[in-house]
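K.L.:
Input file: structure_30.txt. Contents: compact mmCIF, C-alpha atoms (C1' of nucleotides).
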```
# COMPACT_ATOMS: atom_id res chain seq x y z
CA MET L 1 0.00 0.00 0.00
CA PRO L 2 2.88 2.46 0.43
CA ASN L 3 3.01 4.70 -2.63
CA VAL L 4 6.66 4.88 -3.55
CA TYR L 5 5.92 7.13 -6.53
CA ARG L 6 4.38 9.69 -4.22
CA ALA L 7 7.21 9.37 -1.73
CA LEU L 8 10.01 9.71 -4.27
CA GLY L 9 8.23 12.14 -6.56
CA ASP L 10 9.83 15.20 -5.00
CA SER L 11 13.49 16.09 -5.15
CA THR L 12 13.60 17.44 -1.60
CA ARG L 13 12.31 14.09 -0.32
CA ARG L 14 14.86 12.22 -2.41
CA HIS L 15 17.53 14.48 -0.97
CA ILE L 16 16.29 13.75 2.56
CA LEU L 17 16.49 10.02 1.86
CA SER L 18 20.00 10.43 0.55
CA MET L 19 20.90 12.05 3.85
CA LEU L 20 19.23 9.33 5.88
CA LYS L 21 21.03 6.60 4.00
CA GLN L 22 24.17 7.80 5.82
CA GLY L 23 22.44 7.17 9.14
CA SER L 24 19.61 8.44 11.28
CA LYS L 25 19.19 12.19 11.62
CA THR L 26 17.26 14.53 13.86
CA GLN L 27 14.71 16.84 12.32
CA LYS L 28 16.95 19.74 13.22
CA GLU L 29 19.84 18.28 11.23
CA ILE L 30 17.57 17.79 8.24
CA VAL L 31 16.12 21.29 8.44
CA GLU L 32 19.60 22.81 8.58
CA ALA L 33 20.58 21.03 5.38
CA PHE L 34 17.91 22.83 3.34
CA ASP L 35 16.90 26.39 2.60
CA ILE L 36 13.23 25.89 3.30
CA SER L 37 11.32 26.33 6.55
CA GLN L 38 10.94 23.81 9.35
CA PRO L 39 7.20 23.28 8.69
CA ALA L 40 7.96 22.62 5.01
CA ILE L 41 10.48 19.95 5.98
CA LYS L 42 8.02 18.51 8.45
CA LYS L 43 5.46 18.12 5.66
CA HIS L 44 7.94 16.18 3.58
CA LEU L 45 8.77 13.98 6.57
CA ASN L 46 5.07 13.37 7.15
CA ILE L 47 4.63 12.18 3.56
CA LEU L 48 7.62 9.85 3.88
CA LEU L 49 6.13 8.58 7.16
CA GLU L 50 2.69 8.08 5.63
CA GLU L 51 4.22 6.02 2.86
CA LYS L 52 6.29 4.14 5.45
CA ILE L 53 9.57 4.99 3.74
CA ILE L 54 11.03 6.32 6.97
CA SER L 55 10.27 5.89 10.65
CA GLU L 56 10.40 8.21 13.59
CA SER L 57 11.53 7.90 17.17
CA LEU L 58 11.77 10.23 20.13
CA ASN L 59 14.82 11.18 22.12
CA GLY L 60 14.06 13.93 24.60
CA LYS L 61 13.11 16.99 22.63
CA TYR L 62 14.59 15.55 19.46
CA ARG L 63 12.80 13.61 16.78
CA ILE L 64 14.96 11.05 15.00
CA TYR L 65 14.27 9.82 11.49
CA SER L 66 15.64 6.75 9.77
CA ILE L 67 15.11 4.90 6.50
CA ASN L 68 12.68 2.00 6.52
CA LEU L 69 14.73 -0.58 4.67
CA TYR L 70 11.93 -3.11 4.51
CA THR L 71 9.47 -0.88 2.66
CA LEU L 72 12.10 0.18 0.17
CA GLN L 73 12.95 -3.42 -0.58
CA ILE L 74 9.28 -4.23 -1.18
CA ALA L 75 8.95 -1.21 -3.45
CA TYR L 76 12.07 -2.18 -5.31
CA HIS L 77 10.80 -5.66 -6.04
CA GLU L 78 7.34 -4.48 -7.02
CA MET L 79 8.82 -2.06 -9.49
CA LEU L 80 11.18 -4.68 -10.86
CA GLN L 81 8.23 -6.96 -11.41
CA TYR L 82 6.15 -4.26 -13.09
CA ILE L 83 8.87 -3.19 -15.45
CA GLY L 84 9.67 -6.80 -16.19
CA GLU L 85 6.09 -7.37 -17.26
CA LEU L 86 6.08 -4.21 -19.32
CA LEU L 87 9.27 -4.93 -21.14
CA ASP L 88 9.69 -8.67 -21.49
CA ASP L 89 7.35 -8.88 -24.46
CA GLN L 90 9.96 -7.06 -26.41
CA LEU L 91 12.56 -9.62 -25.36
CA VAL L 92 14.82 -6.88 -24.14
CA SER L 93 16.26 -7.18 -20.66
CA LEU L 94 16.57 -3.86 -18.92
CA LYS L 95 19.83 -4.96 -17.44
CA ASP L 96 21.29 -5.92 -20.80
CA TYR L 97 20.00 -2.77 -22.39
CA VAL L 98 21.50 -0.53 -19.79
CA GLU L 99 24.81 -2.32 -19.74
CA LYS L 100 25.28 -1.60 -23.40
CA GLY L 101 25.39 2.08 -22.45
CA GLU L 102 23.54 3.12 -25.58
CA PHE L 103 21.60 5.83 -23.88
CA ARG L 104 24.27 7.63 -21.90
CA ASP L 105 25.25 10.17 -24.53
CA GLU L 106 21.71 11.17 -25.29
CA GLU L 107 20.71 12.55 -21.89
CA LYS L 108 21.26 16.25 -21.51
CA MET D 109 14.66 15.63 -18.22
CA PRO D 110 11.61 13.34 -18.40
CA ASN D 111 10.05 13.13 -14.96
CA VAL D 112 9.47 9.45 -14.45
CA TYR D 113 7.87 9.94 -11.02
CA ARG D 114 5.29 12.24 -12.52
CA ALA D 115 4.63 9.95 -15.47
CA LEU D 116 4.31 6.73 -13.47
CA GLY D 117 2.84 8.23 -10.34
CA ASP D 118 -0.74 7.53 -11.32
CA SER D 119 -2.32 4.10 -11.59
CA THR D 120 -4.44 5.01 -14.61
CA ARG D 121 -1.28 5.97 -16.46
CA ARG D 122 0.44 2.73 -15.44
CA HIS D 123 -2.61 0.85 -16.66
CA ILE D 124 -2.47 2.67 -19.98
CA LEU D 125 1.16 1.63 -20.34
CA SER D 126 0.22 -1.96 -19.61
CA MET D 127 -2.28 -1.75 -22.48
CA LEU D 128 0.22 -0.22 -24.84
CA LYS D 129 2.77 -2.94 -24.13
CA GLN D 130 0.49 -5.24 -26.17
CA GLY D 131 0.79 -2.88 -29.12
CA SER D 132 -0.27 0.54 -30.29
CA LYS D 133 -3.79 1.67 -29.52
CA THR D 134 -6.09 4.43 -30.67
CA GLN D 135 -7.32 6.94 -28.15
CA LYS D 136 -10.80 5.49 -28.58
CA GLU D 137 -9.63 2.01 -27.58
CA ILE D 138 -7.93 3.42 -24.51
CA VAL D 139 -10.97 5.48 -23.51
CA GLU D 140 -13.22 2.42 -23.82
CA ALA D 141 -11.00 0.46 -21.43
CA PHE D 142 -11.65 2.88 -18.56
CA ASP D 143 -14.64 4.29 -16.74
CA ILE D 144 -13.51 7.89 -16.94
CA SER D 145 -14.25 10.50 -19.59
CA GLN D 146 -12.40 11.05 -22.85
CA PRO D 147 -10.96 14.42 -21.73
CA ALA D 148 -9.65 12.78 -18.55
CA ILE D 149 -7.89 10.10 -20.60
CA LYS D 150 -6.54 12.75 -22.92
CA LYS D 151 -4.98 14.55 -19.95
CA HIS D 152 -3.21 11.38 -18.89
CA LEU D 153 -1.99 10.84 -22.45
CA ASN D 154 -0.71 14.41 -22.54
CA ILE D 155 1.30 13.86 -19.37
CA LEU D 156 2.80 10.66 -20.78
CA LEU D 157 3.61 12.55 -23.99
CA GLU D 158 5.19 15.45 -22.09
CA GLU D 159 7.40 13.02 -20.24
CA LYS D 160 8.18 11.23 -23.52
CA ILE D 161 6.99 7.85 -22.25
CA ILE D 162 4.66 7.39 -25.22
CA SER D 163 4.42 8.84 -28.70
CA GLU D 164 1.54 9.81 -30.91
CA SER D 165 0.76 9.46 -34.60
CA LEU D 166 -2.16 10.31 -36.82
CA ASN D 167 -4.22 7.98 -38.95
CA GLY D 168 -7.20 9.75 -40.44
CA LYS D 169 -9.47 10.73 -37.62
CA TYR D 170 -7.70 8.40 -35.23
CA ARG D 171 -4.84 9.21 -32.93
CA ILE D 172 -2.54 6.28 -32.29
CA TYR D 173 -0.42 5.93 -29.16
CA SER D 174 2.52 3.65 -28.59
CA ILE D 175 5.04 3.05 -25.85
CA ASN D 176 8.39 4.73 -26.11
CA LEU D 177 10.35 1.74 -24.94
CA TYR D 178 13.63 3.57 -24.92
CA THR D 179 12.54 6.33 -22.55
CA LEU D 180 10.62 3.93 -20.37
CA GLN D 181 13.63 1.72 -19.86
CA ILE D 182 15.83 4.64 -18.98
CA ALA D 183 13.18 5.98 -16.63
CA TYR D 184 12.76 2.77 -14.73
CA HIS D 185 16.45 2.18 -14.61
CA GLU D 186 16.91 5.55 -12.94
CA MET D 187 14.27 4.81 -10.34
CA LEU D 188 15.52 1.35 -9.56
CA GLN D 189 19.10 2.48 -9.41
CA TYR D 190 18.18 5.25 -6.98
CA ILE D 191 16.34 2.88 -4.66
CA GLY D 192 19.07 0.30 -5.04
CA GLU D 193 21.69 2.78 -3.93
CA LEU D 194 19.61 3.71 -0.90
CA LEU D 195 19.31 0.07 0.07
CA ASP D 196 22.96 -0.81 -0.33
CA ASP D 197 24.28 2.11 1.67
CA GLN D 198 21.70 1.67 4.36
CA LEU D 199 22.83 -1.89 4.89
CA VAL D 200 26.31 -0.59 5.57
CA SER D 201 25.32 2.19 7.92
CA LEU D 202 22.88 -0.05 9.76
CA LYS D 203 25.79 -2.34 10.47
CA ASP D 204 27.83 0.63 11.69
CA TYR D 205 24.99 1.73 13.91
CA VAL D 206 24.67 -1.66 15.55
CA GLU D 207 28.40 -1.89 16.16
CA LYS D 208 28.66 1.55 17.68
CA GLY D 209 25.64 1.23 19.94
CA GLU D 210 23.86 4.33 21.14
CA PHE D 211 25.78 7.49 20.47
CA ARG D 212 23.08 10.05 20.18
CA ASP D 213 22.39 10.85 23.84
CA GLU D 214 25.07 13.46 24.19
CA GLU D 215 24.60 16.86 22.69
CA LYS D 216 27.95 18.41 22.12
C1' DT E 217 -23.75 17.74 -48.54
C1' DT E 218 -25.16 16.14 -44.42
C1' DT E 219 -24.35 13.33 -40.64
C1' DA E 220 -21.72 10.66 -37.49
C1' DC E 221 -17.71 9.91 -35.10
C1' DA E 222 -12.91 10.62 -32.95
C1' DT E 223 -10.71 13.94 -30.83
C1' DA E 224 -9.64 18.70 -28.90
C1' DT E 225 -10.55 22.36 -25.95
C1' DA E 226 -12.61 25.36 -22.50
C1' DA E 227 -14.50 26.18 -18.14
C1' DC E 228 -15.17 24.54 -13.93
C1' DC E 229 -14.42 21.93 -9.41
C1' DA E 230 -12.37 19.69 -5.22
C1' DA E 231 -8.31 17.98 -3.32
C1' DA E 232 -3.34 17.61 -2.90
C1' DC E 233 1.19 19.82 -3.09
C1' DG E 234 4.86 22.75 -1.66
C1' DG E 235 5.71 26.59 0.28
C1' DT E 236 5.01 30.60 3.75
C1' DT E 237 4.32 33.10 8.54
C1' DA E 238 2.66 33.06 13.10
C1' DT E 239 2.04 30.81 17.19
C1' DG E 240 1.51 26.86 20.53
C1' DT E 241 3.76 23.07 23.24
C1' DG E 242 6.86 20.37 25.78
C1' DA E 243 11.54 19.14 27.28
C1' DA E 244 16.22 20.84 28.65
C1' DA E 245 19.26 24.32 30.13
C1' DA E 246 20.25 28.26 32.88
C1' DT S 247 11.41 28.92 37.82
C1' DT S 248 12.37 31.06 33.68
C1' DT S 249 14.21 30.82 29.34
C1' DT S 250 15.65 28.50 25.32
C1' DC S 251 15.24 25.26 21.89
C1' DA S 252 13.12 21.50 18.92
C1' DC S 253 9.19 20.58 17.12
C1' DA S 254 3.93 20.79 16.09
C1' DT S 255 0.11 23.03 14.30
C1' DA S 256 -2.91 26.33 12.11
C1' DA S 257 -4.05 29.41 8.58
C1' DC S 258 -3.10 30.93 4.33
C1' DC S 259 -1.47 31.08 -0.70
C1' DG S 260 -0.62 29.84 -5.64
C1' DT S 261 -0.15 25.79 -8.64
C1' DT S 262 -1.00 21.15 -10.14
C1' DT S 263 -3.78 17.09 -10.47
C1' DG S 264 -7.59 14.34 -11.77
C1' DG S 265 -11.89 14.54 -12.70
C1' DT S 266 -16.36 16.62 -14.77
C1' DT S 267 -19.68 18.71 -18.58
C1' DA S 268 -20.37 21.24 -22.64
C1' DT S 269 -18.98 22.40 -26.99
C1' DA S 270 -15.92 22.99 -31.10
C1' DT S 271 -13.23 20.86 -34.88
C1' DG S 272 -11.90 17.83 -38.45
C1' DT S 273 -12.29 13.58 -40.97
C1' DA S 274 -15.16 9.69 -42.84
C1' DA S 275 -19.28 7.70 -44.01
C1' DA S 276 -23.99 8.05 -45.83
```
Take the structure from the file and write it as structure tokens.
P.N.:
Amino acid sequence: MPNVYRALGDSTRRHILSMLKQGSKTQKEIVEAFDISQPAIKKHLNILLEEKIISESLNGKYRIYSINLYTLQIAYHEMLQYIGELLDDQLVSLKDYVEKGEFRDEEK
Amino acid sequence: MPNVYRALGDSTRRHILSMLKQGSKTQKEIVEAFDISQPAIKKHLNILLEEKIISESLNGKYRIYSINLYTLQIAYHEMLQYIGELLDDQLVSLKDYVEKGEFRDEEK
DNA sequence: TTTACATATAACCAAACGGTTATGTGAAAA
DNA sequence: TTTTCACATAACCGTTTGGTTATATGTAAA
């Protein structure tokens, strides 16, 4: 039920996740890493919490956030399965396709 | 530049892509497969076109849509790679966290 | 030429998004 | 106890999203 598209559909949230992959962070640490307000960050954290991509714990007056590895793994496999179904009719493996590197020059 | 999260972030659009994987379809065929109005479908098709996930061609009064396999593969690869990187690094830092024990009680 | 059909477009609506400022709350420090 | 600090919450704002209905346009069929 977690909507990974919603969760990852914003670059600030992806940036937050990239921070959290290094280890748990307090809300304060996250807020200080961005140029937007504390309530704006809190809204992003709430969306990540709703979609169960991160989890929250309390430590005194601090709120600590960490990546929910389990949900990300589920999302990863669901997406792999979906893209597999979409693409296998064309007998082209995504992995093979990407490894050929045919697309790298085209992106700008 | 295509925004894969935007393109794939709606289940109607993912369903449309699942239809198009079987082969090109006219707008009429797509509209008939859903319970929503023709203008609503057209909006979804426009978003998929903007993000270059599908392409459009004309045949008389019909408008024919087909999957842009190339862009779709790149798009999914980017998403999966991003999640994959989050998972791999998190495994490492989770291990670090366990080995270090609690370190967050002291404010400096 | 008239009619029917596939599609486009405009106007509207409610809800969600991403941000703001202002202010309340609760724990820790002084 | 008083103050400070981390965070929560409320109210507001402009834009986007996902849908609607009504209507215009362009091609094909009668």
K.L.:
Given identical sequences, what C-alpha RMSD separates chain L from chain D after least-squares superposition over all Cα in order?
P.N.:
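It is 8.6 Å.
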K.L.:
Could you make a table, as JSON lines, of the residues of chain E that have an atom within 9 Å of an atom of chain L, each with its nearest atom pair and distance in Å to one decimal, counting only C-alpha atoms (C1' of nucleotides), in chain and number order?
P.N.:
```
{"residue": "E:DG234", "atom": "C1'", "partner": "L:Ala40", "partner_atom": "CA", "distance": 7.4}
{"residue": "E:DG235", "atom": "C1'", "partner": "L:Ala40", "partner_atom": "CA", "distance": 6.6}
{"residue": "E:DT236", "atom": "C1'", "partner": "L:Ser37", "partner_atom": "CA", "distance": 8.1}
{"residue": "E:DG242", "atom": "C1'", "partner": "L:Lys61", "partner_atom": "CA", "distance": 7.8}
{"residue": "E:DA243", "atom": "C1'", "partner": "L:Lys61", "partner_atom": "CA", "distance": 5.4}
{"residue": "E:DA244", "atom": "C1'", "partner": "L:Lys61", "partner_atom": "CA", "distance": 7.8}
```
K.L.:
Would you mind exporting the chosen residues as a CSV table (one decimal), in the coordinates of the input, restricted to C-alpha atoms (C1' of nucleotides)?
P.N.:
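Result file is selection39.csv:
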```csv
chain,number,residue,atom,x,y,z
E,234,DG,C1',4.9,22.8,-1.7
E,235,DG,C1',5.7,26.6,0.3
E,236,DT,C1',5.0,30.6,3.8
E,242,DG,C1',6.9,20.4,25.8
E,243,DA,C1',11.5,19.1,27.3
E,244,DA,C1',16.2,20.8,28.6
```
K.L.:
Neighbouring residues of DT273 in chain S were defined as those with any atom within 12 Å, considering all atoms listed in the file; residues of the same chain fewer than 5 positions away were excluded. Please report them as a PyMOL selection string.
P.N.:
(chain D and resi 166-171) or (chain E and resi 220-223)
K.L.:
Pick out the closest residue to Ser55 in chain L from this set: L:Leu8, L:Leu17, L:Met79, L:Met1. Count only C-alpha atoms.
P.N.:
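Among L:Leu8, L:Leu17, L:Met79, L:Met1, it is L:Leu17 that comes nearest to Ser55 in chain L.
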K.L.:
Can you work out which one of L:Ile64, L:Leu86, L:Leu80, L:Val4 has the shortest atom-to-atom distance to chain S, counting all atoms listed in the file?
P.N.:
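Counting all atoms listed in the file, the residue closest to chain S is L:Ile64.
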K.L.:
Of the candidates L:Glu56, L:Gln27, L:Leu87, L:Phe34, which shows the shortest atom-to-atom distance to chain S, using only C-alpha atoms (C1' of nucleotides)?
P.N.:
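Looking only at the distances to chain S, the closest residue turns out to be L:Gln27.
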K.L.:
List every protein, DNA or RNA residue with an atom no more than 12 Å from (-5.8, 22.2, -2.0) in the file's coordinates, counting all atoms listed in the file, and format the result as a CSV table (one decimal) with C-alpha atoms (C1' of nucleotides), in the coordinates of the input.
P.N.:
```csv
chain,number,residue,atom,x,y,z
E,229,DC,C1',-14.4,21.9,-9.4
E,230,DA,C1',-12.4,19.7,-5.2
E,231,DA,C1',-8.3,18.0,-3.3
E,232,DA,C1',-3.3,17.6,-2.9
E,233,DC,C1',1.2,19.8,-3.1
E,234,DG,C1',4.9,22.8,-1.7
S,258,DC,C1',-3.1,30.9,4.3
S,259,DC,C1',-1.5,31.1,-0.7
S,260,DG,C1',-0.6,29.8,-5.6
S,261,DT,C1',-0.2,25.8,-8.6
S,262,DT,C1',-1.0,21.2,-10.1
S,263,DT,C1',-3.8,17.1,-10.5
```
